[in-house]
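Raw protein.cif, mmCIF, C-alpha atoms:
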```cif
data_data
loop_
_atom_site.label_atom_id
_atom_site.label_comp_id
_atom_site.auth_asym_id
_atom_site.auth_seq_id
_atom_site.Cartn_x
_atom_site.Cartn_y
_atom_site.Cartn_z
CA MET K 1366 32.83 -91.64 -66.74
CA ILE K 1367 34.52 -88.70 -65.33
CA ARG K 1368 31.85 -88.18 -62.67
CA LYS K 1369 32.37 -91.71 -61.22
CA SER K 1370 36.11 -91.30 -61.05
CA SER K 1371 35.81 -88.22 -58.98
CA LEU K 1372 33.54 -89.90 -56.50
CA ALA K 1373 35.91 -92.81 -56.02
CA LEU K 1374 38.76 -90.48 -55.19
CA ALA K 1375 36.74 -88.74 -52.50
CA LEU K 1376 35.90 -91.99 -50.81
CA ALA K 1377 39.51 -93.01 -50.87
CA LEU K 1378 40.53 -89.85 -49.06
CA LEU K 1379 37.86 -90.38 -46.46
CA GLY K 1380 38.98 -93.92 -45.89
CA SER K 1381 42.50 -92.77 -45.36
CA THR K 1382 41.48 -90.33 -42.65
CA MET K 1383 39.48 -92.93 -40.79
CA ALA K 1384 42.42 -95.25 -40.84
CA HIS K 1385 44.59 -92.55 -39.32
CA ALA K 1386 42.13 -92.04 -36.48
CA GLN K 1387 42.13 -95.68 -35.73
CA THR K 1388 45.85 -95.52 -35.37
CA GLU K 1389 45.57 -92.82 -32.64
CA THR K 1390 42.97 -94.64 -30.60
CA ALA K 1391 45.04 -97.67 -30.65
CA ALA K 1392 47.69 -95.90 -28.51
CA SER K 1393 45.25 -95.15 -25.63
CA THR K 1394 41.72 -96.06 -24.93
CA THR K 1395 40.83 -92.57 -23.73
CA ALA K 1396 42.06 -89.23 -24.78
CA SER K 1397 41.02 -86.12 -22.94
CA ARG K 1398 42.05 -82.55 -22.73
CA ALA K 1399 40.81 -80.13 -20.12
CA PHE K 1400 40.15 -76.48 -20.76
CA THR K 1401 39.73 -74.19 -17.80
CA VAL K 1402 36.84 -71.81 -18.03
CA THR K 1403 37.36 -68.85 -15.75
CA GLY K 1404 35.58 -65.65 -14.93
CA ASN K 1405 35.62 -63.13 -12.18
CA VAL K 1406 33.30 -60.70 -10.55
CA PRO K 1407 35.09 -57.46 -9.81
CA VAL K 1408 34.57 -55.73 -6.51
CA ILE K 1409 32.04 -53.14 -7.45
CA CYS K 1410 29.91 -50.60 -5.68
CA ALA K 1411 27.23 -48.55 -7.36
CA GLY K 1412 25.49 -45.60 -5.82
CA GLY K 1413 22.04 -46.34 -7.15
CA ALA K 1414 19.55 -43.96 -8.63
CA LEU K 1415 18.60 -40.84 -6.75
CA THR K 1416 14.91 -40.46 -6.09
CA GLY K 1417 13.01 -37.78 -4.26
CA GLY K 1418 13.25 -35.03 -6.84
CA ASP K 1419 16.50 -33.44 -7.84
CA SER K 1420 19.79 -33.76 -6.00
CA THR K 1421 19.27 -30.70 -3.81
CA PHE K 1422 17.94 -30.53 -0.29
CA ALA K 1423 16.07 -27.25 -0.71
CA LEU K 1424 15.31 -25.72 2.67
CA GLY K 1425 13.86 -22.44 1.47
CA VAL K 1426 13.89 -19.50 3.86
CA LEU K 1427 16.17 -20.32 6.75
CA VAL K 1428 15.10 -17.72 9.28
CA ASN K 1429 12.08 -16.64 11.21
CA THR K 1430 11.22 -13.37 9.51
CA THR K 1431 10.08 -11.81 12.77
CA THR K 1432 13.13 -12.53 14.87
CA GLY K 1433 15.81 -13.13 12.25
CA LEU K 1434 16.81 -16.27 14.12
CA LEU K 1435 17.13 -19.64 12.45
CA ARG K 1436 13.80 -21.34 11.99
CA THR K 1437 13.19 -24.15 14.42
CA ASP K 1438 11.07 -26.08 11.93
CA LEU K 1439 13.60 -26.37 9.12
CA ALA K 1440 13.17 -29.58 7.16
CA ALA K 1441 13.66 -31.06 3.72
CA PRO K 1442 12.31 -34.31 2.28
CA ASN K 1443 14.70 -37.24 2.42
CA LYS K 1444 16.59 -38.38 -0.65
CA VAL K 1445 16.74 -42.06 -1.50
CA LEU K 1446 19.53 -43.79 -3.36
CA SER K 1447 17.61 -46.70 -4.86
CA GLY K 1448 19.29 -49.92 -5.87
CA ALA K 1449 22.70 -49.14 -4.48
CA PHE K 1450 24.91 -52.19 -4.24
CA CYS K 1451 28.35 -53.44 -3.32
CA SER K 1452 29.50 -56.88 -4.43
CA ALA K 1453 31.66 -57.41 -1.38
CA LEU K 1454 31.76 -56.31 2.21
CA SER K 1455 31.76 -52.57 2.32
CA THR K 1456 31.79 -49.35 4.22
CA ILE K 1457 29.42 -46.44 3.90
CA SER K 1458 30.73 -42.99 4.63
CA ILE K 1459 28.91 -39.72 4.78
CA ALA K 1460 30.54 -36.32 4.60
CA ALA K 1461 28.93 -32.91 4.66
CA THR K 1462 29.84 -29.24 4.52
CA ARG K 1463 27.84 -26.65 6.39
CA MET K 1464 25.68 -24.21 4.53
CA THR K 1465 27.49 -20.93 4.05
CA ALA K 1466 26.45 -17.59 2.65
CA GLN K 1467 27.63 -17.40 -0.95
CA ASN K 1468 27.45 -13.66 -1.54
CA VAL K 1469 28.45 -12.21 1.81
CA THR K 1470 32.20 -12.58 1.96
CA ALA K 1471 32.93 -10.30 4.91
CA PRO K 1472 33.19 -11.87 8.35
CA ALA K 1473 29.89 -11.85 10.15
CA PRO K 1474 29.53 -8.95 12.60
CA SER K 1475 28.85 -9.55 16.25
CA GLY K 1476 25.53 -11.26 16.76
CA PHE K 1477 25.48 -12.77 13.27
CA SER K 1478 26.70 -15.81 11.45
CA THR K 1479 27.31 -16.80 7.85
CA GLY K 1480 26.84 -20.51 8.40
CA VAL K 1481 24.20 -23.05 9.20
CA ASP K 1482 25.21 -26.46 10.49
CA PHE K 1483 23.24 -29.67 10.27
CA THR K 1484 23.40 -33.40 10.74
CA ALA K 1485 23.25 -35.63 7.68
CA THR K 1486 22.33 -39.28 8.08
CA ALA K 1487 22.51 -42.18 5.65
CA SER K 1488 20.43 -45.12 6.79
CA GLY K 1489 19.43 -48.48 5.33
CA TRP K 1490 22.90 -49.76 4.53
CA THR K 1491 24.16 -50.57 7.97
CA THR K 1492 22.48 -51.28 11.28
CA THR K 1493 23.83 -48.06 12.66
CA PRO K 1494 23.25 -45.24 10.21
CA ALA K 1495 26.24 -43.26 9.09
CA SER K 1496 25.90 -39.71 10.31
CA VAL K 1497 27.89 -36.53 10.28
CA ASN K 1498 27.39 -33.20 11.98
CA THR K 1499 28.96 -30.24 10.22
CA ALA K 1500 29.56 -28.45 13.51
CA ALA K 1501 31.56 -31.28 15.05
CA SER K 1502 35.33 -31.44 14.86
CA THR K 1503 35.22 -35.23 14.66
CA ASN K 1504 32.52 -37.52 13.43
CA PRO K 1505 33.23 -41.10 14.44
CA GLU K 1506 29.77 -42.20 13.27
CA ALA K 1507 30.41 -41.00 9.75
CA THR K 1508 31.77 -44.34 8.54
CA GLN K 1509 29.97 -47.60 9.13
CA SER K 1510 30.93 -51.10 7.95
CA ARG K 1511 28.90 -53.90 6.51
CA ALA K 1512 30.27 -57.45 6.61
CA THR K 1513 28.35 -58.78 3.62
CA PRO K 1514 27.61 -57.76 0.07
CA PHE K 1515 24.41 -55.84 -0.11
CA THR K 1516 21.96 -54.18 -2.36
CA GLY K 1517 19.24 -51.89 -1.17
CA ASP K 1518 18.10 -48.35 -0.70
CA ILE K 1519 19.97 -45.70 1.21
CA THR K 1520 17.90 -42.94 2.74
CA VAL K 1521 19.69 -39.66 3.23
CA GLY K 1522 18.15 -37.14 5.59
CA LEU K 1523 19.03 -33.86 7.26
CA SER K 1524 18.27 -32.75 10.80
CA ASN K 1525 19.54 -30.73 13.77
CA PHE K 1526 19.92 -27.44 11.94
CA ALA K 1527 21.78 -24.87 13.97
CA THR K 1528 23.30 -21.49 13.37
CA THR K 1529 27.06 -21.76 13.27
CA GLY K 1530 28.46 -20.21 16.42
CA GLY K 1531 25.36 -20.54 18.56
CA SER K 1532 21.61 -20.34 18.57
CA THR K 1533 21.57 -16.70 19.65
CA LEU K 1534 23.28 -15.64 16.45
CA ARG K 1535 21.35 -14.71 13.35
CA PRO K 1536 22.22 -15.67 9.79
CA VAL K 1537 23.14 -12.65 7.69
CA ALA K 1538 20.91 -11.90 4.75
CA ASP K 1539 22.00 -13.74 1.64
CA THR K 1540 20.03 -15.09 -1.28
CA SER K 1541 22.11 -18.24 -1.35
CA TYR K 1542 23.32 -20.47 1.42
CA LEU K 1543 24.92 -23.65 0.11
CA GLY K 1544 26.27 -26.82 1.66
CA SER K 1545 26.64 -30.39 0.52
CA VAL K 1546 26.25 -34.00 1.53
CA THR K 1547 28.31 -36.81 0.00
CA VAL K 1548 27.59 -40.49 0.50
CA THR K 1549 30.35 -42.92 -0.46
CA LEU K 1550 30.19 -46.69 -0.68
CA THR K 1551 33.52 -48.50 -0.70
CA ALA K 1552 33.86 -52.23 -1.15
CA ALA K 1553 36.80 -54.04 0.37
CA ASN K 1554 39.18 -55.49 -2.18
CA MET B 1302 66.59 -74.26 -49.71
CA GLU B 1303 65.31 -75.31 -46.36
CA ARG B 1304 61.80 -76.52 -46.27
CA ARG B 1305 59.84 -75.87 -43.20
CA ALA B 1306 57.82 -78.79 -42.01
CA LEU B 1307 54.15 -78.27 -42.25
CA PRO B 1308 52.35 -78.76 -38.98
CA SER B 1309 50.15 -81.72 -38.65
CA THR B 1310 46.47 -81.33 -39.04
CA ARG B 1311 45.94 -81.79 -35.31
CA GLU B 1312 48.64 -79.31 -34.37
CA THR B 1313 47.10 -76.85 -36.74
CA GLY B 1314 43.73 -77.47 -35.14
CA PHE B 1315 45.01 -76.87 -31.57
CA ARG B 1316 46.85 -73.76 -32.55
CA ALA B 1317 43.77 -72.49 -34.23
CA LEU B 1318 41.80 -73.30 -31.11
CA ALA B 1319 44.44 -71.65 -28.95
CA ARG B 1320 44.34 -68.57 -31.11
CA THR B 1321 40.58 -68.55 -30.88
CA LEU B 1322 40.68 -68.86 -27.10
CA ALA B 1323 43.35 -66.23 -26.92
CA GLY B 1324 41.21 -64.01 -29.08
CA MET B 1325 38.22 -64.61 -26.87
CA ALA B 1326 40.31 -63.87 -23.82
CA ALA B 1327 41.48 -60.69 -25.40
CA VAL B 1328 37.93 -59.70 -26.20
CA ALA B 1329 36.89 -60.62 -22.67
CA GLY B 1330 39.79 -58.65 -21.32
CA LEU B 1331 38.77 -55.63 -23.30
CA ALA B 1332 35.25 -55.99 -22.08
CA MET B 1333 36.39 -56.30 -18.48
CA GLY B 1334 38.75 -53.44 -18.95
CA SER B 1335 36.01 -51.17 -20.12
CA ALA B 1336 33.81 -52.40 -17.31
CA ALA B 1337 36.56 -51.61 -14.85
CA LEU B 1338 36.64 -48.09 -16.17
CA ALA B 1339 32.94 -47.64 -15.65
CA GLU B 1340 32.62 -49.49 -12.39
CA SER B 1341 34.64 -49.14 -9.29
CA ASN B 1342 34.83 -50.45 -5.80
CA THR B 1343 33.85 -46.95 -4.75
CA ALA B 1344 30.61 -45.18 -5.54
CA SER B 1345 29.86 -41.68 -4.42
CA ARG B 1346 26.92 -39.32 -4.61
CA THR B 1347 26.93 -35.66 -3.71
CA MET B 1348 23.79 -33.69 -2.96
CA ALA B 1349 23.53 -29.95 -2.46
CA VAL B 1350 21.88 -28.34 0.53
CA SER B 1351 20.44 -24.93 -0.20
CA GLY B 1352 18.55 -22.15 1.51
CA SER B 1353 18.25 -18.42 1.68
CA THR B 1354 17.94 -15.68 4.24
CA PRO B 1355 15.89 -12.69 3.10
CA GLU B 1356 16.68 -9.17 4.22
CA ILE B 1357 14.89 -8.64 7.50
CA CYS B 1358 14.48 -5.76 9.90
CA ALA B 1359 12.35 -6.21 12.97
CA LEU B 1360 11.43 -4.05 15.94
CA GLN B 1361 9.76 -5.45 19.00
CA PRO B 1362 7.54 -3.43 21.35
CA GLY B 1363 9.50 -0.99 23.46
CA ALA B 1364 10.04 -1.11 27.18
CA VAL B 1365 11.09 1.58 29.61
CA GLN B 1366 14.61 1.18 30.87
CA THR B 1367 14.60 0.69 34.59
CA GLY B 1368 15.28 3.90 36.44
CA SER B 1369 15.13 6.04 33.34
CA LEU B 1370 11.85 7.80 34.00
CA VAL B 1371 12.05 11.40 35.04
CA ASN B 1372 8.66 13.12 35.30
CA MET B 1373 7.19 10.42 33.10
CA THR B 1374 4.56 7.91 34.12
CA GLY B 1375 5.82 5.27 31.73
CA LEU B 1376 4.55 3.57 28.64
CA ASP B 1377 0.85 3.08 28.16
CA GLY B 1378 0.84 0.85 25.11
CA ASP B 1379 2.93 2.91 22.74
CA THR B 1380 2.22 6.15 24.52
CA LEU B 1381 4.78 7.79 26.73
CA ARG B 1382 3.05 10.11 29.18
CA VAL B 1383 4.52 13.10 30.93
CA ALA B 1384 3.52 13.16 34.57
CA GLN B 1385 3.45 16.91 35.12
CA PHE B 1386 3.93 18.82 31.90
CA ALA B 1387 3.81 22.36 33.25
CA ASP B 1388 5.07 23.92 36.42
CA PRO B 1389 1.89 24.70 38.34
CA THR B 1390 3.20 28.07 39.35
CA THR B 1391 4.91 29.43 36.24
CA LEU B 1392 3.26 27.25 33.61
CA ALA B 1393 6.70 26.76 32.16
CA VAL B 1394 7.46 23.31 30.80
CA ARG B 1395 8.94 20.96 33.35
CA ALA B 1396 11.84 18.74 32.50
CA ALA B 1397 10.99 15.19 31.63
CA ASN B 1398 12.81 12.34 30.05
CA ALA B 1399 12.71 8.62 29.55
CA THR B 1400 14.72 5.95 27.81
CA LEU B 1401 13.06 3.13 25.97
CA SER B 1402 14.70 -0.10 24.90
CA ILE B 1403 13.42 -1.71 21.76
CA SER B 1404 14.72 -5.11 20.71
CA ALA B 1405 15.64 -4.92 17.08
CA VAL B 1406 17.48 -6.67 14.31
CA CYS B 1407 18.49 -5.96 10.74
CA ASN B 1408 20.42 -8.73 9.07
CA PHE B 1409 21.86 -6.52 6.34
CA PRO B 1410 23.37 -3.00 6.06
CA HIS B 1411 20.60 -0.55 6.84
CA LYS B 1412 19.65 2.77 8.38
CA VAL B 1413 17.63 3.96 11.32
CA ARG B 1414 15.24 6.77 10.56
CA VAL B 1415 13.64 8.74 13.37
CA GLN B 1416 10.67 10.85 12.47
CA SER B 1417 8.68 13.39 14.42
CA GLU B 1418 5.30 13.89 12.87
CA ASN B 1419 4.90 17.46 14.13
CA ASN B 1420 8.37 18.80 14.80
CA GLY B 1421 7.55 18.98 18.51
CA MET B 1422 4.62 18.50 20.86
CA TRP B 1423 1.59 20.41 19.72
CA PRO B 1424 -1.90 20.90 21.11
CA GLY B 1425 -4.61 18.85 19.57
CA ASP B 1426 -6.39 21.87 18.09
CA GLY B 1427 -4.63 21.75 14.76
CA ARG B 1428 -2.70 24.96 15.07
CA GLN B 1429 0.20 25.18 12.70
CA ALA B 1430 2.64 27.67 14.16
CA LEU B 1431 3.36 30.11 16.92
CA ASP B 1432 0.27 32.26 17.31
CA ALA B 1433 0.29 33.67 20.83
CA HIS B 1434 3.08 36.03 21.57
CA GLY B 1435 4.70 35.44 24.95
CA PHE B 1436 3.27 31.96 25.32
CA THR B 1437 4.46 28.53 24.45
CA SER B 1438 2.15 27.05 21.85
CA ALA B 1439 4.25 24.00 21.06
CA VAL B 1440 7.02 22.25 22.92
CA PRO B 1441 10.28 21.20 21.37
CA TYR B 1442 12.06 18.10 22.52
CA GLN B 1443 14.84 15.87 21.37
CA ALA B 1444 14.94 12.19 20.58
CA ARG B 1445 18.31 10.46 20.67
CA VAL B 1446 18.61 7.07 19.06
CA THR B 1447 21.49 4.80 19.92
CA TRP B 1448 21.94 1.71 17.85
CA ASN B 1449 24.85 -0.60 17.28
CA GLY B 1450 27.30 1.69 19.02
CA ALA B 1451 26.33 4.86 17.17
CA SER B 1452 23.81 7.53 18.02
CA ASN B 1453 21.98 10.36 16.40
CA THR B 1454 19.75 13.04 17.84
CA LEU B 1455 16.68 14.48 16.25
CA GLU B 1456 16.11 18.01 17.50
CA THR B 1457 12.63 19.36 17.09
CA ASP B 1458 12.12 23.10 17.43
CA ALA B 1459 8.32 23.30 17.31
CA ARG B 1460 8.50 26.43 15.19
CA VAL B 1461 6.45 25.08 12.35
CA ARG B 1462 4.21 22.08 12.50
CA HIS B 1463 5.52 19.65 9.95
CA GLN B 1464 7.27 16.35 9.71
CA VAL B 1465 10.96 16.24 10.48
CA GLU B 1466 13.32 13.33 10.54
CA ASP B 1467 16.89 12.26 10.84
CA GLU B 1468 18.68 9.07 10.01
CA LEU B 1469 21.65 7.01 10.99
CA SER B 1470 23.39 4.66 8.58
CA VAL B 1471 24.62 1.31 9.78
CA ASN B 1472 26.76 -0.39 7.18
CA MET B 1473 26.44 -3.86 8.57
CA PRO B 1474 23.88 -6.19 10.04
CA ALA B 1475 23.04 -5.37 13.62
CA ALA B 1476 21.05 -6.95 16.40
CA GLY B 1477 20.35 -5.85 19.91
CA SER B 1478 18.44 -3.03 21.43
CA VAL B 1479 17.59 0.34 19.98
CA GLU B 1480 17.76 2.91 22.74
CA LEU B 1481 15.41 5.80 22.34
CA HIS B 1482 15.97 8.63 24.76
CA VAL B 1483 13.27 11.28 24.75
CA GLU B 1484 14.10 14.45 26.57
CA ILE B 1485 12.07 17.56 27.21
CA ALA B 1486 14.25 20.34 28.49
CA PRO B 1487 13.04 22.50 31.41
CA GLY B 1488 11.34 25.65 30.13
CA ALA B 1489 11.30 24.30 26.54
CA SER B 1490 9.29 26.55 24.29
CA ASN B 1491 8.78 27.50 20.68
CA SER B 1492 8.56 31.10 21.81
CA GLN B 1493 11.12 31.86 24.45
CA ALA B 1494 12.59 29.86 27.28
CA ASN B 1495 10.20 29.31 30.16
CA ALA B 1496 7.32 31.00 28.38
CA PRO B 1497 4.07 29.75 29.90
CA LEU B 1498 2.18 27.03 28.13
CA LEU B 1499 -1.12 27.65 26.46
CA ALA B 1500 -3.80 25.36 27.72
CA GLY B 1501 -4.15 22.12 25.88
CA THR B 1502 -3.04 18.54 25.50
CA TYR B 1503 0.29 18.38 23.74
CA THR B 1504 1.27 15.40 21.71
CA ASP B 1505 3.56 14.19 19.00
CA THR B 1506 4.08 10.91 17.25
CA LEU B 1507 7.63 9.70 17.09
CA ARG B 1508 8.41 6.92 14.67
CA ILE B 1509 11.46 4.76 14.29
CA PHE B 1510 12.20 2.94 11.06
CA LEU B 1511 14.79 0.31 10.34
CA GLU B 1512 15.09 0.09 6.61
CA PRO B 1513 17.44 -0.45 3.68
CA LEU B 1514 20.05 2.19 2.98
#
```

Could I get this file's structure written as structure tokens?
Amino acid sequence: MIRKSSLALALALLGSTMAHAQTETAASTTASRAFTVTGNVPVICAGGALTGGDSTFALGVLVNTTTGLLRTDLAAPNKVLSGAFCSALSTISIAATRMTAQNVTAPAPSGFSTGVDFTATASGWTTTPASVNTAASTNPEATQSRATPFTGDITVGLSNFATTGGSTLRPVADTSYLGSVTVTLTAAN
Amino acid sequence: MERRALPSTRETGFRALARTLAGMAAVAGLAMGSAALAESNTASRTMAVSGSTPEICALQPGAVQTGSLVNMTGLDGDTLRVAQFADPTTLAVRAANATLSISAVCNFPHKVRVQSENNGMWPGDGRQALDAHGFTSAVPYQARVTWNGASNTLETDARVRHQVEDELSVNMPAAGSVELHVEIAPGASNSQANAPLLAGTYTDTLRIFLEPL
């Protein structure tokens, strides 16, 4: 029968293959081949998600409306960078620019100023918070190092507001004073 | 014609495996490459710091400049009193003057407006104009304002009782002290110099405004 013939042929082919395998094992009792499985974790830092409202430290009215001098109770809620991480040892740096009048372009007349300085601090990443004062010519505390990978929250706060040029000066009227704070995480390669 | 030898089954299998691994590596490489684009060893966040300074003008209570009182008793609240208004013999107005310092600030370009409510010092009886020939029924005076290096003088003539004013523009913010010098000339009169004063209590209200241009 044709069907039986076909089956016999298939078995014959199978038998041949088995015989071939036996020939290989006869040369060595063990055959092995190693494949290397590799992967790497890149050096990564992520800044985390910003909480505490939007990304602006809104101070509102900067001056005492009776004296025209900078308010002594200026404050803004802290911002938190949640879930920031670096996969290797890292540094945290903070940089800031003073608040300056955006619409008044003329130099401030005697007794007045177009700037407001402040100190910005980033804490939670390193034992010593990174801090920068916009009035200072150098800020050695602005960069802090961490010897281990880390993940956690970074709290950014502002303090020590001061009229640029001295506390006896008054900020000129302007509907917009703007400055900035930048926090940078850098992992060591 | 040259025949190329067919690879053995095993060779074919390893090559296929190698190709598969290579393909996986390539896919992994692509994945890592895209990850490298999105992730970095540096992460940075910038936050704005904002505020505003409204337009402000402020005047503090005045104070008499030391040594500036001539025939004035000084400030009583906001009232500047003349010590001896009329010469007891001639009833002519006696000279008197004083300089007040008023701490002030305007943090934007502005003007100073000085206003006399009555155009001079008038008796409290409500009279409106000169009504007694040969007598002084109201007393003119002048008020000089000095502010931010400039000055302006409001001259009252006491001819007609009405509000008069003058102003001084200051095209920049200014802070410091407004100097207000009030001067009553000897013999001042709305009639003729040295005309005797009619009986009465003479007053005026002088106002200073710091305001937008």

Could the residues of chain B within 9 Å of chain K, counting all atoms listed in the file, be given as JSON, numbers by chain, please?
{"B": [1333, 1337, 1340, 1341, 1342, 1343, 1344, 1345, 1346, 1347, 1348, 1349, 1350, 1351, 1352, 1353, 1354, 1355, 1356, 1357, 1358, 1359, 1360, 1361, 1405, 1406, 1407, 1408, 1409, 1473, 1474, 1475, 1476, 1477]}

Set the distance at 12 Å and use all atoms listed in the file: which residues neighbour Asp1377 in chain B once local chain neighbours fewer than 4 positions away are removed? I'd like the list as a ChimeraX atom specification.
/B:1362-1365,1373,1381-1383

Selection export as a PDB file, in the frame of the given file, atoms kept: C-alpha atoms:
```pdb
ATOM      1  CA  PRO B1362       7.540  -3.430  21.350  1.00  0.00           C
ATOM      2  CA  GLY B1363       9.500  -0.990  23.460  1.00  0.00           C
ATOM      3  CA  ALA B1364      10.040  -1.110  27.180  1.00  0.00           C
ATOM      4  CA  VAL B1365      11.090   1.580  29.610  1.00  0.00           C
ATOM      5  CA  MET B1373       7.190  10.420  33.100  1.00  0.00           C
ATOM      6  CA  LEU B1381       4.780   7.790  26.730  1.00  0.00           C
ATOM      7  CA  ARG B1382       3.050  10.110  29.180  1.00  0.00           C
ATOM      8  CA  VAL B1383       4.520  13.100  30.930  1.00  0.00           C
TER       9      VAL B1383
END
```

Report, in Å with one decimal, the straight-line distance from CA of Ile1509 in chain B to CA of Asp1458 in chain B.
18.6 Å

Rank B:Thr1457, B:Gln1416, B:Thr1506, B:Ser1369 by their smallest atom-to-atom distance to Asn1398 in chain B, using all atoms listed in the file, and report the top residue only.
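Nearest to Asn1398 in chain B: B:Ser1369.
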
Which distance in Å separates CA of Thr1416 in chain K and CA of Gly1489 in chain K, to one decimal?
14.7 Å

Exercise: Leu1511 in chain B partners within 7 Å, all atoms listed in the file, chain neighbours under 3 positions left out, as JSON, numbers by chain:
{"B": [1358, 1411, 1412, 1413, 1414]}

Distance in Å - CA of Pro1487 in chain B versus CA of Ala1387 in chain B
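Interatomic distance, CA of Pro1487 in chain B to CA of Ala1387 in chain B: 9.4 Å.
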
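Minimum atom-to-atom distances from K:Thr1520, K:Thr1492, K:Thr1394, K:Thr1486 to Asn1504 in chain K were compared using all atoms listed in the file, and the lowest value belongs to K:Thr1486.
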
Please reconstruct the missing atoms of range 1516-1527 of chain K (target: N, CA and C atoms) and return them as a short mmCIF file (atom, residue, chain, number, x, y, z; two decimals), in the frame of the given file.
```cif
data_model
loop_
_atom_site.label_atom_id
_atom_site.label_comp_id
_atom_site.auth_asym_id
_atom_site.auth_seq_id
_atom_site.Cartn_x
_atom_site.Cartn_y
_atom_site.Cartn_z
N THR K 1516 22.62 -55.11 -1.45
CA THR K 1516 21.96 -54.18 -2.36
C THR K 1516 20.70 -53.68 -1.68
N GLY K 1517 20.42 -52.45 -1.83
CA GLY K 1517 19.24 -51.89 -1.17
C GLY K 1517 19.21 -50.39 -1.31
N ASP K 1518 18.27 -49.79 -0.63
CA ASP K 1518 18.10 -48.35 -0.70
C ASP K 1518 18.83 -47.67 0.46
N ILE K 1519 19.35 -46.52 0.17
CA ILE K 1519 19.97 -45.70 1.21
C ILE K 1519 19.15 -44.42 1.32
N THR K 1520 18.67 -44.16 2.50
CA THR K 1520 17.90 -42.94 2.74
C THR K 1520 18.80 -41.89 3.38
N VAL K 1521 18.85 -40.76 2.74
CA VAL K 1521 19.69 -39.66 3.23
C VAL K 1521 18.79 -38.55 3.75
N GLY K 1522 18.99 -38.18 4.98
CA GLY K 1522 18.15 -37.14 5.59
C GLY K 1522 18.98 -36.11 6.33
N LEU K 1523 18.38 -34.95 6.53
CA LEU K 1523 19.03 -33.86 7.26
C LEU K 1523 18.23 -33.53 8.52
N SER K 1524 18.93 -33.12 9.54
CA SER K 1524 18.27 -32.75 10.80
C SER K 1524 19.20 -31.86 11.61
N ASN K 1525 18.73 -31.48 12.80
CA ASN K 1525 19.54 -30.73 13.77
C ASN K 1525 20.17 -29.47 13.17
N PHE K 1526 19.38 -28.68 12.52
CA PHE K 1526 19.92 -27.44 11.94
C PHE K 1526 20.25 -26.47 13.07
N ALA K 1527 21.35 -25.81 12.93
CA ALA K 1527 21.78 -24.87 13.97
C ALA K 1527 22.66 -23.78 13.36
#
```
